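First up is the structure itself, then whatever we jot down about it.
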Amino acid sequence: MSRSSDESLQLGAGVLAIVLPGLGHAALGQTKRGALIALGVLGLFFGGILIGGIDSIDAKNDRWWFVGQALVGPTAFAANWVNQSLSSSDPSETAGPGWEETSPPARVKSIAHLNEMGMLFATIAGMLNLIAIIDALWNAPAERRGARGVVGDLEGGRR
Amino acid sequence: MIWLLLAYRPFLDPLPLPSGWWWLTIVPMAALISIAYKAVRKPSLKGFWVSAGSMAAQIVVFIALAGFGVHALVEWIVPALGG
């Protein structure tokens with residue numbers, strides 16, 4: 001994990017990468033790279049919500065999945081807030097025996113494979129964003145990326 | 001099925017995929033993982049889409065091979081060993 005002196009810590013880029021996937025790289029002038037990171041990470045995250053429904057992001061009932069999903073940043077916390085709000089306002093989840101459904105639920109609880117895939121999509125998005133955050137934090141100048149980046153170091157410098 | 005589609009609210013409800021077709025979601029998952037990973041990993045973005053497409057294809061092929069291997073183990077090899 002040796003680094004040369006011109007590979008500096010980019011705290012601002014790291015913080016921006018946490019705020020929104022790809023924003024850290026965009027702030028470093030690597031707009032196209034940042035856009036591709038955003039496409040991959042946010043595509044996975046919202047793809048997960050599309051497949052499993054908003055219930056795929058559930059810090060209350062799927063705590064350990066949410067630990068991974070939280071790495072997407074404030075977007076994950078906002079999605080969880082929406083899910084918890086819908087869940088608490090849904091009478092079908094709080095009503096006692098004898099309650100009859102007369103209107104559609106605020107959101108349908110996802111189960112089985114679709115729920116698993118939805119959670120998996122969003123969790124992988126978080127883990128990939130962690131790699132992007134680390135890369136933005138210790139971003140080498142563009143001309144040196146080929147020599148050895150953070151991910152390259154993690155992989156033992158394998159090209 | 002048509003009632004399911006009419007009642008479907010994107011991003012709120014789970015996708016109304018026909019039962020048994022959930023595994024198709026592996027394809028976009030592999031594609032998006034490859035895009036995000038290669039965007040960080042590649043020193044230069046030249047040939048990015050070929051590289052990401054190749055990685056996505058490898059993920060899908062190896063998941064399919066792993067699935068076939070587990071299927072063969074559970075359905076054929078273990079019953080054969082058990083008599």
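Just so we're on the same page: first chain in the structure tokens is A, next is B, and so on; residues restart at 1 for each chain, and ligands are numbered from 1 in the order they show up.
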
Contacts of stretch 127-130 of chain A within 7 Å, only C-alpha atoms, excl. fewer than 4 positions in-chain, as a PDB file with N, CA, C and O atoms, in the first residue's frame:
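For reference, out_25.pdb as written:
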```pdb
ATOM      1  N   PRO A  21     -23.431   9.888  -5.037  1.00  0.00           N
ATOM      2  CA  PRO A  21     -22.484   9.044  -5.770  1.00  0.00           C
ATOM      3  C   PRO A  21     -21.986   9.716  -7.049  1.00  0.00           C
ATOM      4  O   PRO A  21     -22.779  10.235  -7.840  1.00  0.00           O
ATOM      5  N   VAL A  41     -24.163   3.293  -9.544  1.00  0.00           N
ATOM      6  CA  VAL A  41     -24.586   3.207  -8.139  1.00  0.00           C
ATOM      7  C   VAL A  41     -26.070   3.561  -7.985  1.00  0.00           C
ATOM      8  O   VAL A  41     -26.850   2.804  -7.388  1.00  0.00           O
ATOM      9  N   GLY A  68     -25.398  -1.772   4.693  1.00  0.00           N
ATOM     10  CA  GLY A  68     -24.773  -1.684   3.372  1.00  0.00           C
ATOM     11  C   GLY A  68     -25.416  -0.627   2.504  1.00  0.00           C
ATOM     12  O   GLY A  68     -24.728   0.150   1.830  1.00  0.00           O
ATOM     13  N   LEU A  71     -24.497   3.183   2.704  1.00  0.00           N
ATOM     14  CA  LEU A  71     -23.279   3.691   2.072  1.00  0.00           C
ATOM     15  C   LEU A  71     -23.569   4.463   0.781  1.00  0.00           C
ATOM     16  O   LEU A  71     -22.696   5.121   0.238  1.00  0.00           O
ATOM     17  N   VAL A  72     -24.805   4.389   0.293  1.00  0.00           N
ATOM     18  CA  VAL A  72     -25.192   5.193  -0.886  1.00  0.00           C
ATOM     19  C   VAL A  72     -25.269   6.672  -0.482  1.00  0.00           C
ATOM     20  O   VAL A  72     -25.140   7.561  -1.315  1.00  0.00           O
ATOM     21  N   THR A 123     -28.004  -2.875  -1.686  1.00  0.00           N
ATOM     22  CA  THR A 123     -26.839  -3.091  -0.836  1.00  0.00           C
ATOM     23  C   THR A 123     -25.554  -3.105  -1.661  1.00  0.00           C
ATOM     24  O   THR A 123     -24.527  -2.541  -1.246  1.00  0.00           O
ATOM     25  N   ILE A 134     -13.729   5.960  -1.433  1.00  0.00           N
ATOM     26  CA  ILE A 134     -12.301   5.782  -1.124  1.00  0.00           C
ATOM     27  C   ILE A 134     -11.448   6.297  -2.284  1.00  0.00           C
ATOM     28  O   ILE A 134     -10.443   6.981  -2.091  1.00  0.00           O
TER      29      ILE A 134
ATOM     30  N   ALA B  36     -20.384   0.656 -12.636  1.00  0.00           N
ATOM     31  CA  ALA B  36     -19.854   1.366 -11.463  1.00  0.00           C
ATOM     32  C   ALA B  36     -18.420   0.930 -11.178  1.00  0.00           C
ATOM     33  O   ALA B  36     -17.547   1.768 -10.899  1.00  0.00           O
ATOM     34  N   TYR B  37     -18.157  -0.373 -11.256  1.00  0.00           N
ATOM     35  CA  TYR B  37     -16.825  -0.875 -10.919  1.00  0.00           C
ATOM     36  C   TYR B  37     -15.776  -0.399 -11.928  1.00  0.00           C
ATOM     37  O   TYR B  37     -14.717   0.093 -11.548  1.00  0.00           O
TER      38      TYR B  37
END
```

Filtered DSSP result for chain B, state alpha helix (DSSP H), as a ChimeraX atom specification: /B:2-7,26-41,48-71,78-82

Distance criterion (only C-alpha atoms): nearest to A:Asp135 out of B:Ala39, B:Val27, B:Leu12, B:Val78: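 So, comparing all the options, the nearest one is B:Ala39.
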
Exercise answer, chain B residues close to chain A, 6 Å and only C-alpha atoms, as an MDAnalysis selection string: chainID B and resid 11:15 32 35:36 39 43

Would you mind exporting the chosen residues as an mmCIF file, in the first residue's frame, restricted to N, CA and C atoms?
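Saved to result29.cif:
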```cif
data_model
loop_
_atom_site.group_PDB
_atom_site.id
_atom_site.type_symbol
_atom_site.label_atom_id
_atom_site.label_comp_id
_atom_site.auth_asym_id
_atom_site.auth_seq_id
_atom_site.Cartn_x
_atom_site.Cartn_y
_atom_site.Cartn_z
ATOM 1 N N PHE B 11 -41.926 1.865 -8.001
ATOM 2 C CA PHE B 11 -41.105 2.293 -6.866
ATOM 3 C C PHE B 11 -41.825 2.169 -5.516
ATOM 4 N N LEU B 12 -43.135 2.010 -5.518
ATOM 5 C CA LEU B 12 -43.840 1.799 -4.249
ATOM 6 C C LEU B 12 -44.093 0.318 -4.044
ATOM 7 N N ASP B 13 -44.577 -0.339 -5.106
ATOM 8 C CA ASP B 13 -44.906 -1.766 -5.031
ATOM 9 C C ASP B 13 -43.805 -2.588 -5.699
ATOM 10 N N PRO B 14 -43.678 -3.875 -5.294
ATOM 11 C CA PRO B 14 -42.724 -4.749 -5.985
ATOM 12 C C PRO B 14 -43.111 -4.926 -7.453
ATOM 13 N N LEU B 15 -42.124 -5.123 -8.303
ATOM 14 C CA LEU B 15 -42.356 -5.300 -9.739
ATOM 15 C C LEU B 15 -43.263 -6.509 -9.973
ATOM 16 N N LEU B 32 -25.065 -3.047 -14.260
ATOM 17 C CA LEU B 32 -24.853 -1.840 -13.438
ATOM 18 C C LEU B 32 -23.649 -1.988 -12.514
ATOM 19 N N ILE B 35 -20.651 -1.296 -14.705
ATOM 20 C CA ILE B 35 -20.489 0.126 -15.025
ATOM 21 C C ILE B 35 -19.840 0.872 -13.850
ATOM 22 N N ALA B 36 -20.384 0.656 -12.636
ATOM 23 C CA ALA B 36 -19.854 1.366 -11.463
ATOM 24 C C ALA B 36 -18.420 0.930 -11.178
ATOM 25 N N ALA B 39 -15.923 2.142 -13.872
ATOM 26 C CA ALA B 39 -15.769 3.601 -13.819
ATOM 27 C C ALA B 39 -14.697 3.991 -12.797
ATOM 28 N N PRO B 43 -8.019 2.940 -15.616
ATOM 29 C CA PRO B 43 -7.138 4.122 -15.635
ATOM 30 C C PRO B 43 -7.611 5.157 -16.652
#
```

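Those residues that approach B:Ile59 to within 12 Å, counting only C-alpha atoms, are Ile26, Val27, Pro28, Met29, Ala30, Ala31, Leu32, Ile33, Ser34, Ala52, Gly53, Ser54, Met55, Ala56, Phe62, Ile63, Ala64, Leu65 and Ala66 of chain B; same-chain residues fewer than 3 positions away are not listed.
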
Pairwise distance for atom CA of B:Thr25 and atom CA of B:Ser51, rounded to one decimal in Å: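 Atom-to-atom, atom CA of B:Thr25 and atom CA of B:Ser51 are spaced 20.8 Å apart.
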
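As for atom CA of B:Trp23 and atom CA of B:His71, they are spaced 14.7 Å apart.
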
Of the listed residues A:Ala26, A:Val67, A:Met119, A:Ala76, that which approaches A:Gly14 most closely, counting only C-alpha atoms: A:Ala26
